[in-house]
file start_21.cif (mmCIF, C-alpha atoms and all ligand atoms)
data_run
loop_
_atom_site.group_PDB
_atom_site.id
_atom_site.type_symbol
_atom_site.label_atom_id
_atom_site.label_comp_id
_atom_site.auth_asym_id
_atom_site.auth_seq_id
_atom_site.Cartn_x
_atom_site.Cartn_y
_atom_site.Cartn_z
ATOM 1 C CA MET R 1 268.733 -51.431 4.456
ATOM 2 C CA ALA R 2 269.936 -47.850 4.990
ATOM 3 C CA ASN R 3 266.557 -46.175 4.840
ATOM 4 C CA GLU R 4 264.348 -48.829 6.357
ATOM 5 C CA GLY R 5 263.079 -46.314 8.915
ATOM 6 C CA VAL R 6 261.801 -43.977 6.216
ATOM 7 C CA MET R 7 260.329 -46.879 4.217
ATOM 8 C CA ASN R 8 258.364 -48.143 7.206
ATOM 9 C CA ALA R 9 257.131 -44.652 8.011
ATOM 10 C CA TRP R 10 255.970 -44.305 4.416
ATOM 11 C CA LEU R 11 254.184 -47.664 4.373
ATOM 12 C CA TYR R 12 252.524 -47.493 7.766
ATOM 13 C CA GLY R 13 252.252 -43.724 8.369
ATOM 14 C CA THR R 14 254.395 -43.934 11.523
ATOM 15 C CA ASP R 15 257.013 -41.398 12.698
ATOM 16 C CA CYS R 16 259.717 -40.892 10.101
ATOM 17 C CA LYS R 17 263.029 -41.406 11.876
ATOM 18 C CA SER R 18 266.416 -42.693 10.818
ATOM 19 C CA ASP R 19 269.823 -41.608 12.115
ATOM 20 C CA LEU R 20 271.875 -43.408 9.467
ATOM 21 C CA SER R 21 274.162 -41.308 7.315
ATOM 22 C CA LYS R 22 272.472 -39.277 4.613
ATOM 23 C CA PRO R 23 273.697 -38.582 1.070
ATOM 24 C CA ALA R 24 275.579 -35.305 0.563
ATOM 25 C CA ARG R 25 273.295 -34.519 -2.373
ATOM 26 C CA PRO R 26 269.775 -35.885 -1.737
ATOM 27 C CA LEU R 27 267.899 -36.444 -4.994
ATOM 28 C CA HIS R 28 264.238 -35.533 -5.405
ATOM 29 C CA ILE R 29 262.853 -37.411 -8.341
ATOM 30 C CA VAL R 30 259.478 -38.437 -9.782
ATOM 31 C CA LEU R 31 259.274 -41.596 -11.898
ATOM 32 C CA LEU R 32 256.650 -41.754 -14.659
ATOM 33 C CA GLY R 33 255.814 -44.675 -16.925
ATOM 34 C CA ALA R 34 253.065 -47.200 -17.598
ATOM 35 C CA PRO R 35 252.575 -49.912 -14.990
ATOM 36 C CA GLY R 36 254.971 -52.789 -15.668
ATOM 37 C CA ILE R 37 257.496 -50.718 -17.572
ATOM 38 C CA GLY R 38 260.128 -51.279 -14.894
ATOM 39 C CA LYS R 39 259.904 -48.059 -12.827
ATOM 40 C CA GLY R 40 260.118 -50.009 -9.582
ATOM 41 C CA THR R 41 263.278 -51.808 -10.715
ATOM 42 C CA GLN R 42 264.898 -48.546 -11.810
ATOM 43 C CA ALA R 43 263.900 -46.994 -8.491
ATOM 44 C CA GLU R 44 265.731 -49.828 -6.681
ATOM 45 C CA TYR R 45 268.883 -49.234 -8.746
ATOM 46 C CA LEU R 46 268.688 -45.474 -8.218
ATOM 47 C CA SER R 47 268.131 -45.947 -4.516
ATOM 48 C CA LYS R 48 271.208 -48.153 -4.209
ATOM 49 C CA LYS R 49 273.379 -45.719 -6.119
ATOM 50 C CA TYR R 50 272.189 -42.361 -4.775
ATOM 51 C CA GLY R 51 270.701 -43.270 -1.375
ATOM 52 C CA ALA R 52 267.268 -41.770 -2.122
ATOM 53 C CA VAL R 53 264.270 -43.669 -0.745
ATOM 54 C CA GLN R 54 261.782 -45.295 -3.110
ATOM 55 C CA LEU R 55 258.322 -44.130 -2.066
ATOM 56 C CA SER R 56 255.523 -45.964 -3.866
ATOM 57 C CA THR R 57 251.867 -45.105 -3.237
ATOM 58 C CA GLY R 58 250.913 -48.539 -4.674
ATOM 59 C CA ASP R 59 253.011 -50.186 -1.924
ATOM 60 C CA VAL R 60 251.087 -48.200 0.726
ATOM 61 C CA PHE R 61 247.775 -49.484 -0.641
ATOM 62 C CA ARG R 62 249.072 -53.044 -0.829
ATOM 63 C CA ALA R 63 250.316 -52.821 2.773
ATOM 64 C CA ALA R 64 246.889 -51.542 3.848
ATOM 65 C CA LYS R 65 245.354 -54.709 2.399
ATOM 66 C CA ASN R 66 246.802 -56.593 5.372
ATOM 67 C CA THR R 67 245.037 -54.258 7.817
ATOM 68 C CA PRO R 68 241.826 -55.734 9.288
ATOM 69 C CA GLU R 69 238.835 -54.340 7.376
ATOM 70 C CA GLU R 70 237.272 -52.774 10.514
ATOM 71 C CA SER R 71 240.429 -50.683 11.157
ATOM 72 C CA LEU R 72 240.419 -49.144 7.679
ATOM 73 C CA SER R 73 238.990 -45.657 7.195
ATOM 74 C CA PRO R 74 236.070 -45.426 4.700
ATOM 75 C CA ALA R 75 238.431 -43.710 2.213
ATOM 76 C CA MET R 76 240.949 -46.543 2.503
ATOM 77 C CA ARG R 77 238.212 -49.144 2.064
ATOM 78 C CA GLU R 78 237.146 -47.432 -1.156
ATOM 79 C CA ALA R 79 240.768 -47.286 -2.252
ATOM 80 C CA MET R 80 241.115 -51.062 -1.823
ATOM 81 C CA VAL R 81 238.145 -51.668 -4.139
ATOM 82 C CA ALA R 82 239.545 -49.328 -6.824
ATOM 83 C CA MET R 83 242.983 -50.910 -6.621
ATOM 84 C CA LYS R 84 241.648 -54.438 -6.969
ATOM 85 C CA ALA R 85 239.875 -53.432 -10.188
ATOM 86 C CA GLY R 86 243.035 -51.789 -11.557
ATOM 87 C CA LYS R 87 241.346 -48.362 -11.344
ATOM 88 C CA LEU R 88 242.865 -45.230 -9.884
ATOM 89 C CA VAL R 89 242.176 -44.403 -6.255
ATOM 90 C CA SER R 90 240.544 -40.957 -5.918
ATOM 91 C CA ASP R 91 242.838 -37.937 -6.021
ATOM 92 C CA ASP R 92 241.651 -36.767 -2.581
ATOM 93 C CA THR R 93 242.520 -40.066 -0.909
ATOM 94 C CA VAL R 94 245.972 -40.297 -2.505
ATOM 95 C CA ILE R 95 246.822 -36.648 -1.876
ATOM 96 C CA ASN R 96 245.779 -36.924 1.803
ATOM 97 C CA LEU R 97 247.856 -40.061 2.155
ATOM 98 C CA VAL R 98 250.961 -38.313 0.781
ATOM 99 C CA ARG R 99 250.331 -35.187 2.889
ATOM 100 C CA GLU R 100 250.145 -37.352 6.015
ATOM 101 C CA ARG R 101 253.559 -38.745 5.057
ATOM 102 C CA LYS R 102 255.228 -35.496 4.015
ATOM 103 C CA ASN R 103 257.999 -36.008 6.590
ATOM 104 C CA CYS R 104 259.175 -38.910 4.431
ATOM 105 C CA LEU R 105 259.645 -36.457 1.555
ATOM 106 C CA SER R 106 261.897 -34.257 3.705
ATOM 107 C CA SER R 107 263.812 -37.080 5.410
ATOM 108 C CA GLY R 108 267.173 -35.860 4.120
ATOM 109 C CA TYR R 109 267.783 -39.005 2.035
ATOM 110 C CA GLY R 110 265.942 -37.673 -0.977
ATOM 111 C CA PHE R 111 263.104 -39.552 -2.651
ATOM 112 C CA LEU R 112 262.127 -41.472 -5.752
ATOM 113 C CA LEU R 113 258.377 -41.066 -6.057
ATOM 114 C CA ASP R 114 257.035 -44.154 -7.807
ATOM 115 C CA GLY R 115 253.357 -44.129 -8.812
ATOM 116 C CA PHE R 116 252.655 -40.627 -7.529
ATOM 117 C CA PRO R 117 251.621 -38.249 -9.010
ATOM 118 C CA ARG R 118 249.329 -40.046 -11.452
ATOM 119 C CA THR R 119 247.096 -37.136 -12.513
ATOM 120 C CA VAL R 120 247.714 -33.460 -13.192
ATOM 121 C CA HIS R 121 245.656 -32.649 -10.081
ATOM 122 C CA GLN R 122 248.004 -34.816 -7.977
ATOM 123 C CA ALA R 123 251.028 -33.135 -9.626
ATOM 124 C CA GLU R 124 249.689 -29.728 -8.606
ATOM 125 C CA ALA R 125 249.132 -30.955 -5.040
ATOM 126 C CA LEU R 126 252.688 -32.332 -4.929
ATOM 127 C CA LYS R 127 254.013 -28.971 -6.080
ATOM 128 C CA GLU R 128 252.270 -27.264 -3.131
ATOM 129 C CA ILE R 129 253.510 -29.850 -0.639
ATOM 130 C CA LEU R 130 257.089 -29.411 -1.872
ATOM 131 C CA VAL R 131 256.884 -25.610 -1.745
ATOM 132 C CA ASP R 132 255.844 -25.956 1.937
ATOM 133 C CA LEU R 133 258.820 -28.216 2.560
ATOM 134 C CA ASN R 134 261.148 -25.947 0.603
ATOM 135 C CA ILE R 135 262.167 -28.807 -1.685
ATOM 136 C CA LYS R 136 262.679 -28.547 -5.445
ATOM 137 C CA LEU R 137 262.213 -31.526 -7.759
ATOM 138 C CA ASP R 138 265.481 -32.377 -9.519
ATOM 139 C CA ALA R 139 263.976 -34.298 -12.414
ATOM 140 C CA VAL R 140 261.024 -36.332 -13.673
ATOM 141 C CA LEU R 141 262.129 -39.573 -15.311
ATOM 142 C CA ASN R 142 259.598 -40.596 -17.953
ATOM 143 C CA TYR R 143 259.985 -44.242 -19.066
ATOM 144 C CA VAL R 144 258.312 -45.095 -22.392
ATOM 145 C CA LEU R 145 257.795 -48.362 -24.296
ATOM 146 C CA ASP R 146 255.456 -50.057 -26.826
ATOM 147 C CA THR R 147 252.143 -51.128 -25.234
ATOM 148 C CA GLU R 148 252.527 -54.763 -26.421
ATOM 149 C CA GLU R 149 255.896 -55.026 -24.711
ATOM 150 C CA VAL R 150 254.454 -53.560 -21.522
ATOM 151 C CA VAL R 151 251.645 -56.165 -21.511
ATOM 152 C CA LYS R 152 254.241 -58.958 -21.872
ATOM 153 C CA ARG R 153 256.274 -57.554 -18.997
ATOM 154 C CA LEU R 154 253.269 -57.131 -16.714
ATOM 155 C CA SER R 155 251.563 -60.458 -17.259
ATOM 156 C CA GLY R 156 254.778 -62.384 -16.545
ATOM 157 C CA ARG R 157 255.688 -60.377 -13.457
ATOM 158 C CA ARG R 158 255.749 -62.123 -10.097
ATOM 159 C CA THR R 159 256.130 -60.284 -6.787
ATOM 160 C CA CYS R 160 257.658 -61.563 -3.545
ATOM 161 C CA LYS R 161 255.220 -61.719 -0.619
ATOM 162 C CA GLN R 162 258.041 -61.003 1.789
ATOM 163 C CA CYS R 163 260.492 -58.430 0.342
ATOM 164 C CA LYS R 164 258.268 -57.066 -2.504
ATOM 165 C CA GLY R 165 261.091 -57.778 -4.991
ATOM 166 C CA THR R 166 260.021 -58.861 -8.473
ATOM 167 C CA ALA R 167 260.904 -61.583 -10.972
ATOM 168 C CA HIS R 168 259.655 -62.322 -14.475
ATOM 169 C CA ILE R 169 258.719 -65.803 -15.655
ATOM 170 C CA ILE R 170 260.413 -65.233 -19.055
ATOM 171 C CA PHE R 171 262.816 -62.282 -18.803
ATOM 172 C CA ASN R 172 264.141 -62.784 -15.288
ATOM 173 C CA PRO R 173 263.044 -66.223 -14.024
ATOM 174 C CA PRO R 174 263.807 -67.122 -10.408
ATOM 175 C CA LYS R 175 266.331 -69.924 -9.839
ATOM 176 C CA VAL R 176 263.611 -72.004 -8.183
ATOM 177 C CA GLU R 177 260.093 -71.641 -9.574
ATOM 178 C CA GLY R 178 257.824 -69.631 -7.285
ATOM 179 C CA VAL R 179 260.638 -68.679 -4.879
ATOM 180 C CA CYS R 180 262.239 -65.219 -4.561
ATOM 181 C CA ASP R 181 266.001 -65.260 -5.353
ATOM 182 C CA LYS R 182 266.664 -62.406 -2.926
ATOM 183 C CA CYS R 183 264.977 -63.616 0.267
ATOM 184 C CA GLY R 184 263.451 -67.055 -0.368
ATOM 185 C CA GLY R 185 259.916 -65.649 0.012
ATOM 186 C CA GLU R 186 256.948 -66.886 -2.003
ATOM 187 C CA LEU R 187 256.412 -65.289 -5.436
ATOM 188 C CA PHE R 188 252.850 -64.517 -6.449
ATOM 189 C CA GLN R 189 250.994 -62.730 -9.223
ATOM 190 C CA ARG R 190 249.539 -59.450 -7.981
ATOM 191 C CA GLU R 191 245.769 -59.187 -8.326
ATOM 192 C CA ASP R 192 246.202 -56.116 -10.500
ATOM 193 C CA ASP R 193 248.717 -57.951 -12.753
ATOM 194 C CA GLN R 194 245.964 -60.297 -13.992
ATOM 195 C CA PRO R 195 245.083 -59.729 -17.689
ATOM 196 C CA ASP R 196 241.737 -57.950 -17.170
ATOM 197 C CA ALA R 197 243.132 -55.539 -14.589
ATOM 198 C CA ILE R 198 246.214 -54.936 -16.798
ATOM 199 C CA ARG R 199 244.058 -53.709 -19.672
ATOM 200 C CA VAL R 200 242.198 -51.318 -17.377
ATOM 201 C CA ARG R 201 245.458 -50.051 -15.848
ATOM 202 C CA LEU R 202 247.067 -49.340 -19.219
ATOM 203 C CA LYS R 203 243.996 -47.512 -20.505
ATOM 204 C CA THR R 204 243.853 -45.497 -17.287
ATOM 205 C CA TYR R 205 247.541 -44.677 -17.667
ATOM 206 C CA GLU R 206 247.030 -43.352 -21.191
ATOM 207 C CA GLU R 207 244.063 -41.224 -20.128
ATOM 208 C CA SER R 208 245.162 -39.906 -16.750
ATOM 209 C CA THR R 209 248.902 -40.187 -16.387
ATOM 210 C CA ALA R 210 250.397 -39.737 -19.859
ATOM 211 C CA PRO R 211 249.316 -36.015 -19.831
ATOM 212 C CA LEU R 212 251.706 -35.564 -16.902
ATOM 213 C CA ALA R 213 254.606 -35.788 -19.340
ATOM 214 C CA ASP R 214 253.408 -32.524 -20.949
ATOM 215 C CA TYR R 215 252.908 -30.967 -17.537
ATOM 216 C CA TYR R 216 256.489 -31.697 -16.464
ATOM 217 C CA GLU R 217 257.925 -30.858 -19.887
ATOM 218 C CA LYS R 218 256.522 -27.353 -19.405
ATOM 219 C CA GLU R 219 258.115 -27.244 -15.955
ATOM 220 C CA GLY R 220 261.463 -28.048 -17.626
ATOM 221 C CA LEU R 221 261.904 -31.217 -15.558
ATOM 222 C CA LEU R 222 261.143 -34.047 -17.981
ATOM 223 C CA LEU R 223 263.798 -36.596 -18.981
ATOM 224 C CA THR R 224 262.378 -39.265 -21.323
ATOM 225 C CA ILE R 225 263.981 -42.711 -21.482
ATOM 226 C CA THR R 226 263.070 -45.601 -23.797
ATOM 227 C CA ALA R 227 262.761 -48.555 -21.451
ATOM 228 C CA ASP R 228 263.806 -51.293 -23.893
ATOM 229 C CA GLY R 229 266.664 -53.664 -23.110
ATOM 230 C CA THR R 230 267.700 -55.167 -19.798
ATOM 231 C CA PRO R 231 267.225 -53.348 -16.476
ATOM 232 C CA ASP R 232 271.004 -52.673 -16.452
ATOM 233 C CA GLU R 233 270.857 -51.096 -19.908
ATOM 234 C CA VAL R 234 267.909 -48.918 -18.946
ATOM 235 C CA PHE R 235 269.757 -47.868 -15.800
ATOM 236 C CA HIS R 236 272.841 -46.851 -17.819
ATOM 237 C CA LYS R 237 270.641 -44.602 -19.952
ATOM 238 C CA THR R 238 269.065 -43.172 -16.805
ATOM 239 C CA GLU R 239 272.418 -42.484 -15.187
ATOM 240 C CA ALA R 240 273.751 -40.839 -18.341
ATOM 241 C CA LEU R 241 270.782 -38.478 -18.490
ATOM 242 C CA LEU R 242 271.018 -37.610 -14.806
ATOM 243 C CA LYS R 243 274.711 -36.937 -15.200
ATOM 244 C CA GLN R 244 274.088 -34.668 -18.150
ATOM 245 C CA ARG R 245 271.210 -32.811 -16.458
ATOM 246 C CA LEU R 246 272.318 -32.678 -12.829
ATOM 247 C CA GLY R 247 276.058 -33.196 -13.108
ATOM 248 C CA LEU R 248 275.966 -36.272 -10.843
HETATM 249 P P1 LIG O 301 251.170 -49.308 -8.628
HETATM 250 O O1 LIG O 301 251.876 -50.288 -7.784
HETATM 251 O O2 LIG O 301 251.842 -47.963 -8.649
HETATM 252 O O3 LIG O 301 250.883 -49.812 -10.028
HETATM 253 O O4 LIG O 301 249.752 -49.036 -7.917
HETATM 254 C C1 LIG O 301 248.826 -50.078 -7.727
HETATM 255 C C2 LIG O 301 247.423 -49.489 -7.622
HETATM 256 O O5 LIG O 301 247.346 -48.587 -6.499
HETATM 257 C C3 LIG O 301 246.968 -48.658 -8.819
HETATM 258 O O6 LIG O 301 246.442 -49.450 -9.872
HETATM 259 C C4 LIG O 301 245.907 -47.767 -8.176
HETATM 260 O O7 LIG O 301 244.711 -48.484 -7.946
HETATM 261 C C5 LIG O 301 246.519 -47.466 -6.818
HETATM 262 N N1 LIG O 301 247.373 -46.247 -6.864
HETATM 263 C C6 LIG O 301 248.699 -46.175 -6.580
HETATM 264 N N2 LIG O 301 249.162 -44.924 -6.687
HETATM 265 C C7 LIG O 301 248.102 -44.159 -7.076
HETATM 266 C C8 LIG O 301 247.934 -42.782 -7.389
HETATM 267 N N3 LIG O 301 248.959 -41.916 -7.314
HETATM 268 N N4 LIG O 301 246.695 -42.357 -7.762
HETATM 269 C C9 LIG O 301 245.658 -43.204 -7.826
HETATM 270 N N5 LIG O 301 245.745 -44.519 -7.569
HETATM 271 C C10 LIG O 301 246.947 -45.013 -7.190
#
call {"tool": "encode", "arguments": {"input": "start_21.cif", "output": "structure tokens"}}
result
Amino acid sequence: MANEGVMNAWLYGTDCKSDLSKPARPLHIVLLGAPGIGKGTQAEYLSKKYGAVQLSTGDVFRAAKNTPEESLSPAMREAMVAMKAGKLVSDDTVINLVRERKNCLSSGYGFLLDGFPRTVHQAEALKEILVDLNIKLDAVLNYVLDTEEVVKRLSGRRTCKQCKGTAHIIFNPPKVEGVCDKCGGELFQREDDQPDAIRVRLKTYEESTAPLADYYEKEGLLLTITADGTPDEVFHKTEALLKQRLGL
């Protein structure tokens, strides 16, 4: 994968290095949308097409779950508890985590921020970080869909233990049950994709994250996309909007 170096640095907080060729026009994009709406899938498509690296704060927390408990900082330990319950991790913890990884934002590949920011406070912190790095956001892609449809998507989602790719038991079933089509890894249901956690996550999204759409609308960056249809169809809509707005 072209930007594996940046991805690893993002996940594990290591040095951000990669000497592979960089896109002529690095994209700096934030993805908004309720959990399960398909942001991660769109980020994968966008990454393939434009070379920008998908940076997901949720992936960082999930990676930290494999760290022995005694090596976790108190803030990270608290974050693990919040994540398991489907609640938001505190703004301070998430903002510090992104600050510690700011080199990944300025890697030269561009970025697709997935799951950050999630509150207006986090959006303001991101703005400051980007000013320091002399980077301007190109666009904020805001995916929207009926809540019922989102619940269906989330509760059927299965994630690969190995490559983190996703499948859906109804909409995108794997060729062999329980096995990832891409890498042969084991598919599992994320703890926070269980029904009780889903309800909490969607409510939290409405309360904390939906107001971000207004915030970015005022900044003149918001592009809203209805996320119905297949991932390909949603990607065509996304591409069309980016073309119109950024001339890509
Ligand atoms: P995600 O994969 O983006 O749905 O994130 C999974 C979980 O990680 C969330 O339910 C939160 O507990 C936590 N998390 C990820 N990103 C953030 C964020 N920006 N702010 C607060 N909590 C977050």
call {"tool": "residues_near_ligand", "arguments": {"input": "start_21.cif", "ligand": "ligand LIG 301 (chain O)", "cutoff": "7 Å", "atoms": "only C-alpha atoms and all ligand atoms", "output": "PyMOL selection string"}}
result
chain R and resi 35+56-59+61+82-84+86-91+94+114-118+192+201
call {"tool": "resolve_selection", "arguments": {"input": "start_21.cif", "expression": "the PyMOL selection byres (((chain R and resi 206) around 12) and not hetatm)", "output": "list in words"}}
result
Leu32, Gly33, Ala34, Pro35, Arg118, Thr119, Val144, Thr147, Arg199, Val200, Arg201, Leu202, Lys203, Thr204, Tyr205, Glu207, Ser208, Thr209, Ala210, Pro211, Leu212 and Ala213 of chain R
call {"tool": "resolve_selection", "arguments": {"input": "start_21.cif", "expression": "the PyMOL selection byres (((chain R and resi 157) around 6) and not hetatm)", "output": "ChimeraX atom specification"}}
result
/R:154-156,158,167-168
call {"tool": "write_last_selection", "arguments": {"input": "start_21.cif", "atoms": "C-alpha atoms", "output": "PDB file, in the frame of the given file"}}
result
ATOM      1  CA  LEU R 154     253.269 -57.131 -16.714  1.00  0.00           C
ATOM      2  CA  SER R 155     251.563 -60.458 -17.259  1.00  0.00           C
ATOM      3  CA  GLY R 156     254.778 -62.384 -16.545  1.00  0.00           C
ATOM      4  CA  ARG R 158     255.749 -62.123 -10.097  1.00  0.00           C
ATOM      5  CA  ALA R 167     260.904 -61.583 -10.972  1.00  0.00           C
ATOM      6  CA  HIS R 168     259.655 -62.322 -14.475  1.00  0.00           C
TER       7      HIS R 168
END
call {"tool": "axis_aligned_box", "arguments": {"input": "start_21.cif", "around": "range 158-175 of chain R", "padding_each_side": "3 Å", "output": "AutoDock Vina command-line options"}}
result
--center_x 260.8 --center_y -63.5 --center_z -8.6 --size_x 17.1 --size_y 18.9 --size_z 26.8
call {"tool": "closest_residue", "arguments": {"input": "start_21.cif", "among": "R:Glu128, R:Lys175, R:Leu55, R:Leu141", "to": "Arg245 in chain R", "atoms": "only C-alpha atoms"}}
result
R:Leu141
